[in-house]
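A.B. asks: Below is the file coords.txt, with compact mmCIF, C-alpha atoms.
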# COMPACT_ATOMS: atom_id res chain seq x y z
CA MET A 1 114.73 180.21 117.59
CA SER A 2 115.85 181.36 114.24
CA ASP A 3 119.03 179.61 115.21
CA LYS A 4 121.15 177.34 113.23
CA SER A 5 119.68 174.57 115.28
CA LYS A 6 119.82 170.91 114.66
CA THR A 7 118.00 169.47 117.54
CA GLY A 8 118.23 166.07 118.95
CA ILE A 9 116.24 163.17 117.85
CA ASP A 10 113.18 161.42 119.07
CA ARG A 11 109.99 162.08 117.38
CA ARG A 12 106.56 161.14 116.52
CA ASP A 13 106.05 157.43 116.23
CA LEU A 14 104.45 156.50 119.48
CA LEU A 15 102.14 154.87 117.10
CA ILE A 16 102.92 151.84 115.12
CA ALA A 17 106.48 152.16 116.16
CA SER A 18 109.13 149.80 117.19
CA ILE A 19 110.69 150.93 120.38
CA ALA A 20 114.18 150.16 119.37
CA THR A 21 117.13 152.30 120.27
CA VAL A 22 118.89 153.16 117.11
CA GLY A 23 122.53 152.62 118.14
CA ALA A 24 125.61 154.59 117.43
CA SER A 25 124.71 156.38 114.23
CA ALA A 26 121.45 157.63 115.72
CA ALA A 27 123.21 158.78 118.85
CA LEU A 28 125.71 160.62 116.70
CA ALA A 29 122.91 162.32 114.84
CA VAL A 30 121.45 163.41 118.13
CA SER A 31 124.71 164.86 119.35
CA ALA A 32 125.24 166.72 116.10
CA ARG A 33 121.75 168.16 116.23
CA THR A 34 121.99 169.22 119.84
CA ALA A 35 125.36 170.86 119.32
CA SER A 36 124.05 172.66 116.28
CA ALA A 37 120.94 173.70 118.17
CA GLN A 38 123.06 175.58 120.64
CA GLU A 39 124.40 177.82 117.89
CA ALA A 40 121.00 179.43 117.46
CA ALA A 41 120.56 183.09 116.76
CA ALA A 42 121.54 183.24 113.10
CA PRO A 43 118.57 183.75 110.79
CA ALA A 44 117.86 180.90 108.40
CA ALA A 45 119.45 181.35 105.01
CA ARG A 46 117.01 181.65 102.13
CA ALA A 47 117.36 179.02 99.47
CA ALA A 48 117.32 179.91 95.78
CA SER A 49 114.64 182.52 95.33
CA GLY A 50 112.21 183.39 92.62
CA THR A 51 108.66 182.35 91.90
CA VAL A 52 108.16 180.13 88.86
CA TYR A 53 104.67 179.90 87.34
CA THR A 54 104.11 176.82 85.19
CA GLY A 55 101.41 178.53 83.12
CA ASP A 56 98.78 176.05 84.32
CA VAL A 57 95.63 177.08 86.13
CA ILE A 58 93.60 174.62 88.25
CA ASP A 59 90.12 175.66 89.42
CA GLY A 60 91.09 179.27 88.83
CA LYS A 61 94.30 179.02 90.89
CA LYS A 62 97.71 179.50 89.33
CA VAL A 63 100.28 176.70 89.56
CA VAL A 64 103.86 177.31 90.70
CA SER A 65 106.88 175.02 90.70
CA ALA A 66 108.81 177.37 93.00
CA LEU A 67 107.64 180.16 95.29
CA ASP A 68 109.18 183.20 96.92
CA VAL A 69 106.52 184.93 99.03
CA ASP A 70 108.39 188.22 98.57
CA ASP A 71 107.14 188.20 94.97
CA LEU A 72 103.48 188.26 96.05
CA GLU A 73 101.37 191.37 96.45
CA PRO A 74 101.26 192.51 100.11
CA GLY A 75 98.05 192.98 102.05
CA GLN A 76 96.33 190.04 100.33
CA LYS A 77 95.65 186.31 100.54
CA HIS A 78 96.97 184.26 97.65
CA LEU A 79 95.65 180.78 96.74
CA LEU A 80 98.00 178.71 94.60
CA TYR A 81 98.83 175.14 93.68
CA PHE A 82 102.39 173.83 93.95
CA GLN A 83 103.48 171.29 91.34
CA GLY A 84 104.85 168.26 93.17
CA ALA A 85 106.14 164.87 92.06
CA GLN A 86 104.90 163.16 88.93
CA MET A 87 102.47 160.25 88.91
CA PRO A 88 103.08 157.16 86.72
CA THR A 89 100.97 158.87 84.03
CA GLY A 90 103.31 161.85 83.91
CA GLN A 91 100.77 164.14 85.55
CA HIS A 92 101.70 165.85 88.82
CA TRP A 93 100.53 165.71 92.38
CA HIS A 94 99.54 169.30 93.20
CA VAL A 95 99.34 170.60 96.76
CA SER A 96 97.29 173.52 98.01
CA VAL A 97 99.14 176.64 99.12
CA THR A 98 97.55 179.56 100.97
CA VAL A 99 99.67 182.64 101.61
CA ALA A 100 98.52 185.48 103.87
CA LYS A 101 100.95 188.26 102.87
CA GLY A 102 100.91 191.10 105.38
CA ALA A 103 100.71 194.74 104.39
CA LYS A 104 103.97 195.31 106.30
CA PRO A 105 107.22 193.30 106.30
CA GLY A 106 107.95 190.88 109.12
CA LYS A 107 108.65 187.27 110.02
CA ARG A 108 107.64 184.41 107.74
CA GLY A 109 105.84 181.45 109.26
CA VAL A 110 105.05 178.13 107.56
CA LEU A 111 102.21 175.85 108.72
CA THR A 112 102.00 172.34 107.27
CA SER A 113 99.57 169.44 107.61
CA GLY A 114 98.61 166.33 105.67
CA VAL A 115 102.02 164.64 105.77
CA HIS A 116 100.04 161.58 106.85
CA GLY A 117 96.87 160.96 104.89
CA ASP A 118 94.64 159.75 107.74
CA GLU A 119 95.04 162.88 109.85
CA MET A 120 92.18 165.39 109.64
CA SER A 121 92.12 167.59 112.77
CA ASN A 122 95.55 168.97 111.85
CA ILE A 123 94.25 170.11 108.44
CA HIS A 124 91.24 171.80 110.01
CA THR A 125 93.49 173.51 112.58
CA VAL A 126 95.65 175.10 109.88
CA GLN A 127 92.60 176.10 107.82
CA THR A 128 91.01 177.75 110.88
CA VAL A 129 94.15 179.75 111.64
CA MET A 130 94.42 180.94 108.04
CA ASN A 131 90.74 181.94 107.97
CA GLN A 132 91.32 184.18 111.00
CA LEU A 133 94.13 186.14 109.37
CA ASP A 134 93.59 189.57 107.82
CA PRO A 135 96.63 190.37 105.62
CA ALA A 136 95.78 194.08 105.66
CA GLN A 137 96.47 194.07 109.41
CA MET A 138 99.50 191.78 109.38
CA SER A 139 103.26 192.35 109.49
CA GLY A 140 104.97 189.44 107.77
CA THR A 141 103.70 186.35 106.03
CA VAL A 142 102.04 183.06 106.93
CA MET A 143 102.06 180.27 104.36
CA ALA A 144 99.96 177.13 104.79
CA VAL A 145 100.28 173.83 102.95
CA THR A 146 97.45 171.58 104.11
CA ASP A 147 97.67 168.48 101.88
CA VAL A 148 101.36 167.62 101.68
CA ALA A 149 100.95 163.89 100.89
CA ARG A 150 98.14 164.16 98.37
CA PRO A 151 97.89 160.49 97.31
CA ALA A 152 97.79 159.35 100.94
CA ILE A 153 95.04 161.88 101.70
CA GLU A 154 93.02 160.77 98.68
CA GLY A 155 92.89 157.29 100.22
CA MET A 156 92.61 158.66 103.78
CA GLN A 157 95.50 156.39 104.74
CA ARG A 158 98.66 157.12 106.68
CA ARG A 159 101.25 156.20 104.07
CA TRP A 160 101.90 157.23 100.47
CA PRO A 161 100.95 154.41 98.04
CA ASN A 162 104.09 154.33 95.91
CA GLN A 163 104.04 152.45 92.59
CA GLY A 164 107.77 151.82 92.04
CA ARG A 165 107.95 148.01 92.28
CA GLY A 166 104.32 147.13 92.67
CA ILE A 167 102.27 148.79 95.39
CA ASP A 168 104.35 149.95 98.35
CA LEU A 169 103.29 152.11 101.29
CA ILE A 170 105.85 154.73 102.33
CA ASP A 171 105.69 156.92 105.44
CA MET A 172 106.41 160.37 104.06
CA ASN A 173 107.41 161.58 107.50
CA ARG A 174 110.60 159.55 107.25
CA GLU A 175 111.61 161.10 103.91
CA TRP A 176 112.47 164.74 104.75
CA PRO A 177 114.22 166.77 103.47
CA GLY A 178 113.76 164.48 100.49
CA ASN A 179 115.67 164.19 97.26
CA GLU A 180 114.39 165.74 94.03
CA ASN A 181 116.06 162.87 92.15
CA GLY A 182 115.24 160.19 94.69
CA ALA A 183 114.25 156.58 94.04
CA THR A 184 110.62 157.00 95.13
CA ALA A 185 107.86 159.52 94.46
CA PRO A 186 107.54 160.46 98.17
CA SER A 187 111.27 161.24 98.34
CA ARG A 188 111.11 163.38 95.19
CA HIS A 189 107.92 165.08 96.35
CA ALA A 190 109.51 165.90 99.72
CA GLY A 191 112.60 167.27 97.98
CA LEU A 192 110.58 169.50 95.66
CA LEU A 193 108.42 170.86 98.46
CA PHE A 194 111.26 171.41 100.89
CA ASN A 195 113.70 173.02 98.44
CA ARG A 196 111.29 175.11 96.38
CA LEU A 197 108.37 175.91 98.67
CA LEU A 198 108.86 175.33 102.41
CA ARG A 199 112.45 176.14 103.31
CA PRO A 200 112.79 179.33 101.20
CA ASN A 201 109.77 180.92 102.90
CA ALA A 202 110.23 180.01 106.57
CA ASP A 203 111.70 181.84 109.53
CA PHE A 204 109.82 179.35 111.74
CA ALA A 205 107.64 176.34 110.94
CA ILE A 206 104.99 174.19 112.60
CA ASP A 207 104.15 170.73 111.23
CA PHE A 208 100.73 169.63 112.53
CA HIS A 209 99.78 165.97 113.06
CA THR A 210 97.31 163.72 114.88
CA GLY A 211 97.37 160.14 116.09
CA THR A 212 97.23 157.38 113.52
CA THR A 213 94.45 154.99 112.53
CA GLY A 214 93.95 152.59 115.44
CA PHE A 215 95.95 154.67 117.94
CA GLU A 216 94.66 157.84 119.60
CA VAL A 217 96.74 160.51 121.31
CA THR A 218 95.96 163.38 123.61
CA ALA A 219 96.66 167.06 122.88
CA PHE A 220 100.41 167.58 123.13
CA ASN A 221 103.40 169.12 121.38
CA ILE A 222 106.72 167.55 120.40
CA GLY A 223 109.89 169.61 120.26
CA GLY A 224 113.32 170.18 121.77
CA MET A 225 113.06 172.57 124.71
CA ASP A 226 116.85 172.91 124.79
CA VAL A 227 116.44 175.28 121.81
CA PRO A 228 115.19 178.62 123.19
CA GLU A 229 112.99 179.62 120.25
CA VAL A 230 111.33 176.20 120.15
CA LYS A 231 110.77 176.28 123.93
CA ALA A 232 109.15 179.72 123.62
CA MET A 233 106.69 178.44 120.99
CA LEU A 234 105.87 175.22 122.86
CA GLU A 235 104.98 177.16 125.98
CA LEU A 236 102.45 179.32 124.08
CA TYR A 237 99.96 176.43 123.72
CA PRO A 238 97.27 175.73 126.36
CA VAL A 239 97.64 171.95 126.02
CA GLY A 240 98.27 169.44 128.77
CA GLN A 241 101.51 167.79 127.67
CA ILE A 242 104.87 168.58 126.06
CA PHE A 243 107.12 165.81 124.76
CA ASP A 244 110.52 167.47 125.16
CA ASN A 245 112.39 165.48 122.57
CA HIS A 246 113.96 165.91 119.16
CA VAL A 247 112.82 162.52 117.88
CA TYR A 248 113.60 160.74 114.63
CA PRO A 249 115.70 161.91 111.71
CA GLY A 250 113.64 162.17 108.53
CA VAL A 251 110.61 163.91 110.03
CA LEU A 252 109.64 167.30 108.64
CA HIS A 253 110.17 169.40 111.74
CA ASN A 254 113.72 168.06 112.09
CA ALA A 255 114.44 168.85 108.43
CA PHE A 256 113.59 172.47 109.26
CA MET A 257 115.71 172.35 112.40
CA ASP A 258 118.67 170.97 110.48
CA VAL A 259 118.77 174.10 108.31
CA GLY A 260 118.40 176.51 111.22
CA ILE A 261 114.63 177.04 111.14
CA PRO A 262 112.93 176.60 114.55
CA SER A 263 110.18 174.03 114.29
CA PHE A 264 108.07 171.56 116.28
CA THR A 265 105.07 169.24 115.92
CA PRO A 266 101.63 169.53 117.53
CA GLU A 267 99.66 166.28 118.00
CA ILE A 268 95.88 166.71 117.90
CA GLY A 269 93.97 163.66 119.07
CA ALA A 270 92.64 160.82 116.95
CA ALA A 271 93.01 160.17 113.23
CA ARG A 272 90.20 160.29 110.65
CA VAL A 273 87.96 162.62 112.70
CA LEU A 274 87.61 166.31 113.54
CA ASP A 275 88.00 166.96 117.26
CA LEU A 276 86.70 170.54 117.34
CA GLU A 277 87.32 171.02 121.06
CA MET A 278 90.95 169.96 120.76
CA ILE A 279 91.42 171.90 117.51
CA ALA A 280 90.43 175.11 119.33
CA LEU A 281 93.35 174.70 121.74
CA PHE A 282 95.85 174.47 118.91
CA VAL A 283 94.31 177.38 117.01
CA GLU A 284 94.64 179.49 120.15
CA GLY A 285 98.25 178.42 120.64
CA THR A 286 99.19 179.03 117.01
CA MET A 287 97.67 182.51 117.10
CA ASN A 288 99.79 183.10 120.21
CA VAL A 289 102.88 182.10 118.21
CA LEU A 290 101.97 184.56 115.43
CA LYS A 291 101.56 187.29 118.06
CA HIS A 292 104.88 186.29 119.62
CA TYR A 293 106.60 186.91 116.27
CA GLY A 294 104.75 190.18 115.70
CA ILE A 295 102.89 188.92 112.64
CA VAL A 296 99.50 189.70 114.14
CA ALA A 297 98.60 192.12 116.92
CA GLY A 298 96.48 191.54 120.00
CA ALA A 299 96.56 190.12 123.49
CA MET A 300 97.88 186.62 124.07
CA GLY A 301 95.35 183.87 124.64
CA ARG A 302 95.83 181.09 127.17
CA THR A 303 99.26 179.45 127.31
CA ALA A 304 100.93 176.53 129.07
CA LYS A 305 101.04 178.68 132.22
CA ASP A 306 97.24 178.56 132.34
CA VAL A 307 97.01 174.76 132.28
CA ASN A 308 98.66 172.09 134.36
CA VAL A 309 101.12 171.19 131.62
CA PHE A 310 103.08 167.97 132.08
CA ILE A 311 106.55 167.86 130.50
CA GLY A 312 108.29 164.57 129.79
CA ASN A 313 111.32 163.71 127.69
CA SER A 314 110.59 160.04 127.02
CA ALA A 315 107.70 157.74 126.11
CA PHE A 316 107.26 154.35 127.75
CA PRO A 317 105.59 151.89 125.37
CA ILE A 318 103.37 149.03 126.45
CA LEU A 319 103.06 146.43 123.67
CA ALA A 320 100.51 143.66 123.36
CA THR A 321 101.88 140.21 124.13
CA GLN A 322 98.71 138.37 123.11
CA GLY A 323 95.92 138.64 120.58
CA GLY A 324 92.45 139.59 121.76
CA LEU A 325 90.09 142.34 122.91
CA VAL A 326 91.73 145.24 124.73
CA GLU A 327 90.11 146.87 127.75
CA HIS A 328 91.77 150.08 128.96
CA LEU A 329 91.77 150.79 132.67
CA VAL A 330 93.12 154.35 132.34
CA LYS A 331 92.27 157.31 130.09
CA LEU A 332 94.36 159.78 128.12
CA ASN A 333 96.09 162.31 130.42
CA ASP A 334 95.64 160.09 133.50
CA LYS A 335 98.58 160.00 135.85
CA VAL A 336 99.99 156.50 136.43
CA GLU A 337 102.50 154.98 138.83
CA PRO A 338 104.98 152.12 138.37
CA GLY A 339 103.20 148.79 138.68
CA GLN A 340 99.75 150.26 138.07
CA LYS A 341 97.53 148.09 135.88
CA VAL A 342 96.58 150.03 132.73
CA ALA A 343 94.94 147.45 130.43
CA ILE A 344 93.76 143.86 130.21
CA GLN A 345 93.18 141.61 127.22
CA ARG A 346 90.61 138.84 126.70
CA ASN A 347 90.49 135.98 124.21
CA SER A 348 87.44 134.84 122.25
CA PHE A 349 86.07 133.00 125.32
CA GLY A 350 86.24 136.16 127.44
CA GLU A 351 89.13 134.80 129.48
CA VAL A 352 91.78 137.30 130.58
CA VAL A 353 94.94 136.33 128.70
CA ALA A 354 97.13 139.33 129.54
CA GLU A 355 97.38 142.17 132.03
CA TYR A 356 99.53 145.21 131.38
CA THR A 357 101.16 147.53 133.92
CA SER A 358 103.12 150.75 133.74
CA GLY A 359 106.85 150.60 134.28
CA VAL A 360 107.14 154.32 135.02
CA ALA A 361 105.47 157.28 136.74
CA GLY A 362 104.00 159.63 134.17
CA GLU A 363 100.91 160.51 132.15
CA VAL A 364 99.07 158.55 129.49
CA THR A 365 99.73 160.23 126.15
CA GLY A 366 98.45 157.60 123.70
CA GLN A 367 96.21 154.51 123.62
CA ARG A 368 95.20 151.93 121.08
CA SER A 369 91.71 152.89 119.90
CA ASP A 370 91.05 149.72 117.91
CA ALA A 371 89.35 147.29 120.28
CA MET A 372 91.36 144.26 119.15
CA SER A 373 95.09 143.79 118.94
CA GLU A 374 97.59 141.20 117.85
CA PRO A 375 100.91 140.71 119.65
CA GLY A 376 103.40 143.52 119.14
CA ASN A 377 100.90 146.37 118.68
CA PRO A 378 101.36 149.42 120.93
CA LEU A 379 98.56 149.52 123.49
CA VAL A 380 99.61 152.48 125.63
CA PHE A 381 102.33 155.12 125.63
CA ILE A 382 103.19 156.87 128.87
CA LEU A 383 104.98 160.21 128.85
CA PHE A 384 107.58 160.43 131.61
CA HIS A 385 110.91 162.01 132.49
CA LYS A 386 114.04 159.94 132.01
CA ALA A 387 117.23 161.12 133.68
CA ALA A 388 119.51 160.23 130.77
CA LEU A 389 118.23 159.89 127.21
CA GLU A 390 119.95 157.52 124.79
CA GLY A 391 119.43 157.11 121.07
CA VAL A 392 116.05 157.44 119.40
CA GLU A 393 112.74 156.61 121.04
CA SER A 394 109.25 155.94 119.79
CA TYR A 395 106.52 158.51 120.12
CA PRO A 396 102.92 159.01 118.97
CA GLU A 397 102.65 159.99 115.38
Show me this structure written as structure tokens.

C.D. replies:
Amino acid sequence: MSDKSKTGIDRRDLLIASIATVGASAALAVSARTASAQEAAAPAARAASGTVYTGDVIDGKKVVSALDVDDLEPGQKHLLYFQGAQMPTGQHWHVSVTVAKGAKPGKRGVLTSGVHGDEMSNIHTVQTVMNQLDPAQMSGTVMAVTDVARPAIEGMQRRWPNQGRGIDLIDMNREWPGNENGATAPSRHAGLLFNRLLRPNADFAIDFHTGTTGFEVTAFNIGGMDVPEVKAMLELYPVGQIFDNHVYPGVLHNAFMDVGIPSFTPEIGAARVLDLEMIALFVEGTMNVLKHYGIVAGAMGRTAKDVNVFIGNSAFPILATQGGLVEHLVKLNDKVEPGQKVAIQRNSFGEVVAEYTSGVAGEVTGQRSDAMSEPGNPLVFILFHKAALEGVESYPE
């Protein structure tokens, strides 16, 4: 889908999210994206090119403030640091960049992770894919950026701890494509990365995530299947669910889509841990994508055709109405029916104070993993198919 796509809207916040429909302006954004997505077929335009070395070297790795992978030696792996936004001290947040530059020309793929600082399995997935690549045998380029939100990762917390007006926590996955002269460090950091590193080197892009602290998700992918190139990539993963939705503005995969670069988001289980079994599924699917684009050779691994993939276009949220201990009555990937009891909640005396039921037929895609909850917290998200989508919906992020 190297199209000029701007896909819909609806993305990754099944966690911690309000379930509000974002009214007219959001709906407009969705229409614009969907219309633009149908244009497809035109290759993404390359932004201003040219690699800029700052002259700094960190741990033996050169630092760049702009990168054009065409400037790198073919047939090799290149390890660099990209100079991101400044800290209050005037020093910079540097992010790690690995480029596998094939011996022959071809498509350029970008793999990102670490947009949220409490997500670990996504980082390991990208690292594993990059470790499997042999540039001498490749046609094209794969670039990986594994620690996008460095200060959030340093604290192993979801949001970027911004220092603008006292401590403030900002979700970097609402900042894309950013603004190099923005009012916050996360906005400037996003602008620098998107304009000078990510967009100029991508013919397609995959932004890897997991659930968030306190809320676990199953293995699934998020993307708009109305865009042919995105649909083709989504169907190359042997995972059980696809959330066919464009989700929120401001997330990284939609920033790529808005400039004509096909993109989507894998979701890989729980935060703060490595789920090696689940990671293997996404490594296999990502290698399938690289084979699909001719970057690496070899037979395809398992795909969605080999698993009983469930496709839904909406997520039904069940929110806590009481405080207390949460007991789940269903598991991730379980099928549920309308009216089926999915969780109960007990107070400090052990009395049942709330019972929660599904309002739809679908599959469980996310559950609260913290054993206690206060009112308003998401307890369960159920993936299902809605006949007519409106506005923006919540989803697991």

A.B. asks: With all atoms listed in the file as the atoms that count, which of A:Ile242, A:Leu236, A:Val326, A:Val63 lies nearest to A:Gly301?

C.D. replies: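 Looking only at the distances to A:Gly301, the closest residue turns out to be A:Leu236.
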
A.B. asks: Using only C-alpha atoms, which protein or nucleic acid residues come within 7 Å of stretch 49-58 of chain A? Drop anything in the same chain fewer than 4 positions from it, and give the result as a list in words.

C.D. replies: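 After dropping sequence-adjacent residues, the list is Lys62, Val63, Val64, Ser65, Ala66, Leu67, Asp68, Asp71 and Pro200 of chain A.
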
A.B. asks: Which is closer to A:Val145 than all the others in A:Pro105, A:Gly117, A:Phe82, A:Leu192, using all atoms listed in the file?

C.D. replies: A:Phe82

A.B. asks: Just the residues within 8 Å of A:Gly324, please, counting only C-alpha atoms, with nothing from its chain fewer than 5 positions along; format it as an mmCIF file with C-alpha atoms, in the coordinates of the input.

C.D. replies:
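Wrote out.cif, looks like this:
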data_model
loop_
_atom_site.group_PDB
_atom_site.id
_atom_site.type_symbol
_atom_site.label_atom_id
_atom_site.label_comp_id
_atom_site.auth_asym_id
_atom_site.auth_seq_id
_atom_site.Cartn_x
_atom_site.Cartn_y
_atom_site.Cartn_z
ATOM 1 C CA GLN A 345 93.180 141.610 127.220
ATOM 2 C CA ARG A 346 90.610 138.840 126.700
ATOM 3 C CA ASN A 347 90.490 135.980 124.210
ATOM 4 C CA SER A 348 87.440 134.840 122.250
ATOM 5 C CA MET A 372 91.360 144.260 119.150
ATOM 6 C CA SER A 373 95.090 143.790 118.940
ATOM 7 C CA GLU A 374 97.590 141.200 117.850
#

A.B. asks: Considering all atoms listed in the file, state which residue in the set A:Asp207, A:Glu351, A:Asp168, A:Glu180 is at the smallest distance from A:His253.

C.D. replies: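 Among the listed residues, A:Asp207 lies closest to A:His253.
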
A.B. asks: Wanna dump the stretch 176-220 of chain A-stretch 112-115 of chain A contacts at 8 Å for me, each residue with its shortest atom pair and the distance in Å to one decimal, counting all atoms listed in the file, ordered by chain and number, as CSV?

C.D. replies:
residue,atom,partner,partner_atom,distance
A:Ala205,CA,A:Thr112,CA,7.8
A:Ile206,CA,A:Thr112,CA,6.4
A:Asp207,CA,A:Thr112,CA,4.8
A:Phe208,CA,A:Ser113,CA,5.1
A:His209,CA,A:Ser113,CA,6.5

A.B. asks: I need the chosen residues saved as a PDB file, keeping the file's coordinate frame, with C-alpha atoms.

C.D. replies:
ATOM      1  CA  ALA A 205     107.640 176.340 110.940  1.00  0.00           C
ATOM      2  CA  ILE A 206     104.990 174.190 112.600  1.00  0.00           C
ATOM      3  CA  ASP A 207     104.150 170.730 111.230  1.00  0.00           C
ATOM      4  CA  PHE A 208     100.730 169.630 112.530  1.00  0.00           C
ATOM      5  CA  HIS A 209      99.780 165.970 113.060  1.00  0.00           C
TER       6      HIS A 209
END

A.B. asks: Which one is closest to A:Glu277: A:Ala219, A:Val364, A:Val251, A:Leu80? Count all atoms listed in the file.

C.D. replies: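 Ranked by minimum distance to A:Glu277, first place goes to A:Ala219.
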
A.B. asks: Extract, using only C-alpha atoms, all DNA, RNA and protein residues at most 12 Å from A:Ala299, discarding same-chain residues fewer than 5 positions from it, and format them as a ChimeraX atom specification.

C.D. replies: /A:284,287-292,294

A.B. asks: Pick out the closest residue to A:Leu111 from this set: A:Ile311, A:Ala270, A:Val283, A:Ala85. Count only C-alpha atoms.

C.D. replies: A:Val283

A.B. asks: What is the atom CA of A:Ser139 to atom CA of A:Ala297 distance in Å?

C.D. replies: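 Separating atom CA of A:Ser139 from atom CA of A:Ala297 is a distance of 8.8 Å.
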
A.B. asks: So which one's closest to A:Gln367, A:Thr286, A:Thr98, A:Gln340, A:Thr213? Using all atoms listed in the file, please.

C.D. replies: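 Closest to A:Gln367, using all atoms listed in the file: A:Thr213.
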
A.B. asks: Using all atoms listed in the file, determine which residues lie at most 10 Å from A:Lys305, disregarding the query and same-chain residues fewer than 2 positions distant; provide the list as a ChimeraX atom specification.

C.D. replies: /A:235-239,302-303,307-309

A.B. asks: Would you tabulate, counting only C-alpha atoms, all residues of stretch 230-250 of chain A that have an atom at most 8 Å from an atom of stretch 254-257 of chain A, showing the closest pair of atoms and their distance in Å to one decimal, sorted by chain then ascending number, as JSON lines?

C.D. replies:
{"residue": "A:His246", "atom": "CA", "partner": "A:Asn254", "partner_atom": "CA", "distance": 7.4}
{"residue": "A:Tyr248", "atom": "CA", "partner": "A:Asn254", "partner_atom": "CA", "distance": 7.7}
{"residue": "A:Pro249", "atom": "CA", "partner": "A:Asn254", "partner_atom": "CA", "distance": 6.5}
{"residue": "A:Gly250", "atom": "CA", "partner": "A:Ala255", "partner_atom": "CA", "distance": 6.7}

A.B. asks: May I have the residues within 12 Å of A:Arg165 as a PyMOL selection string, using all atoms listed in the file and disregarding those fewer than 3 positions away in the same chain?

C.D. replies: chain A and resi 88+161-162+168-169+183-185

A.B. asks: Only C-alpha atoms, as a PDB file, in the first residue's frame: that is what I want for stretch 328-352 of chain A.

C.D. replies:
ATOM      1  CA  HIS A 328     -12.352 -12.304  35.500  1.00  0.00           C
ATOM      2  CA  LEU A 329     -14.699 -15.032  34.325  1.00  0.00           C
ATOM      3  CA  VAL A 330     -13.317 -15.157  30.761  1.00  0.00           C
ATOM      4  CA  LYS A 331      -9.812 -15.231  29.271  1.00  0.00           C
ATOM      5  CA  LEU A 332      -8.138 -13.390  26.408  1.00  0.00           C
ATOM      6  CA  ASN A 333      -9.368 -14.666  23.015  1.00  0.00           C
ATOM      7  CA  ASP A 334     -12.495 -16.252  24.542  1.00  0.00           C
ATOM      8  CA  LYS A 335     -15.643 -15.853  22.504  1.00  0.00           C
ATOM      9  CA  VAL A 336     -18.477 -14.112  24.366  1.00  0.00           C
ATOM     10  CA  GLU A 337     -22.168 -13.529  23.722  1.00  0.00           C
ATOM     11  CA  PRO A 338     -24.439 -10.608  24.624  1.00  0.00           C
ATOM     12  CA  GLY A 339     -25.479 -10.830  28.260  1.00  0.00           C
ATOM     13  CA  GLN A 340     -22.665 -13.202  29.204  1.00  0.00           C
ATOM     14  CA  LYS A 341     -21.103 -12.446  32.585  1.00  0.00           C
ATOM     15  CA  VAL A 342     -17.396 -11.640  32.106  1.00  0.00           C
ATOM     16  CA  ALA A 343     -16.238 -10.290  35.499  1.00  0.00           C
ATOM     17  CA  ILE A 344     -17.301  -9.681  39.082  1.00  0.00           C
ATOM     18  CA  GLN A 345     -15.978  -7.291  41.695  1.00  0.00           C
ATOM     19  CA  ARG A 346     -15.770  -7.675  45.486  1.00  0.00           C
ATOM     20  CA  ASN A 347     -15.324  -5.098  48.233  1.00  0.00           C
ATOM     21  CA  SER A 348     -13.023  -5.400  51.245  1.00  0.00           C
ATOM     22  CA  PHE A 349     -15.521  -7.725  53.001  1.00  0.00           C
ATOM     23  CA  GLY A 350     -15.562 -10.120  50.045  1.00  0.00           C
ATOM     24  CA  GLU A 351     -19.091  -9.117  49.105  1.00  0.00           C
ATOM     25  CA  VAL A 352     -19.903  -8.964  45.392  1.00  0.00           C
TER      26      VAL A 352
END
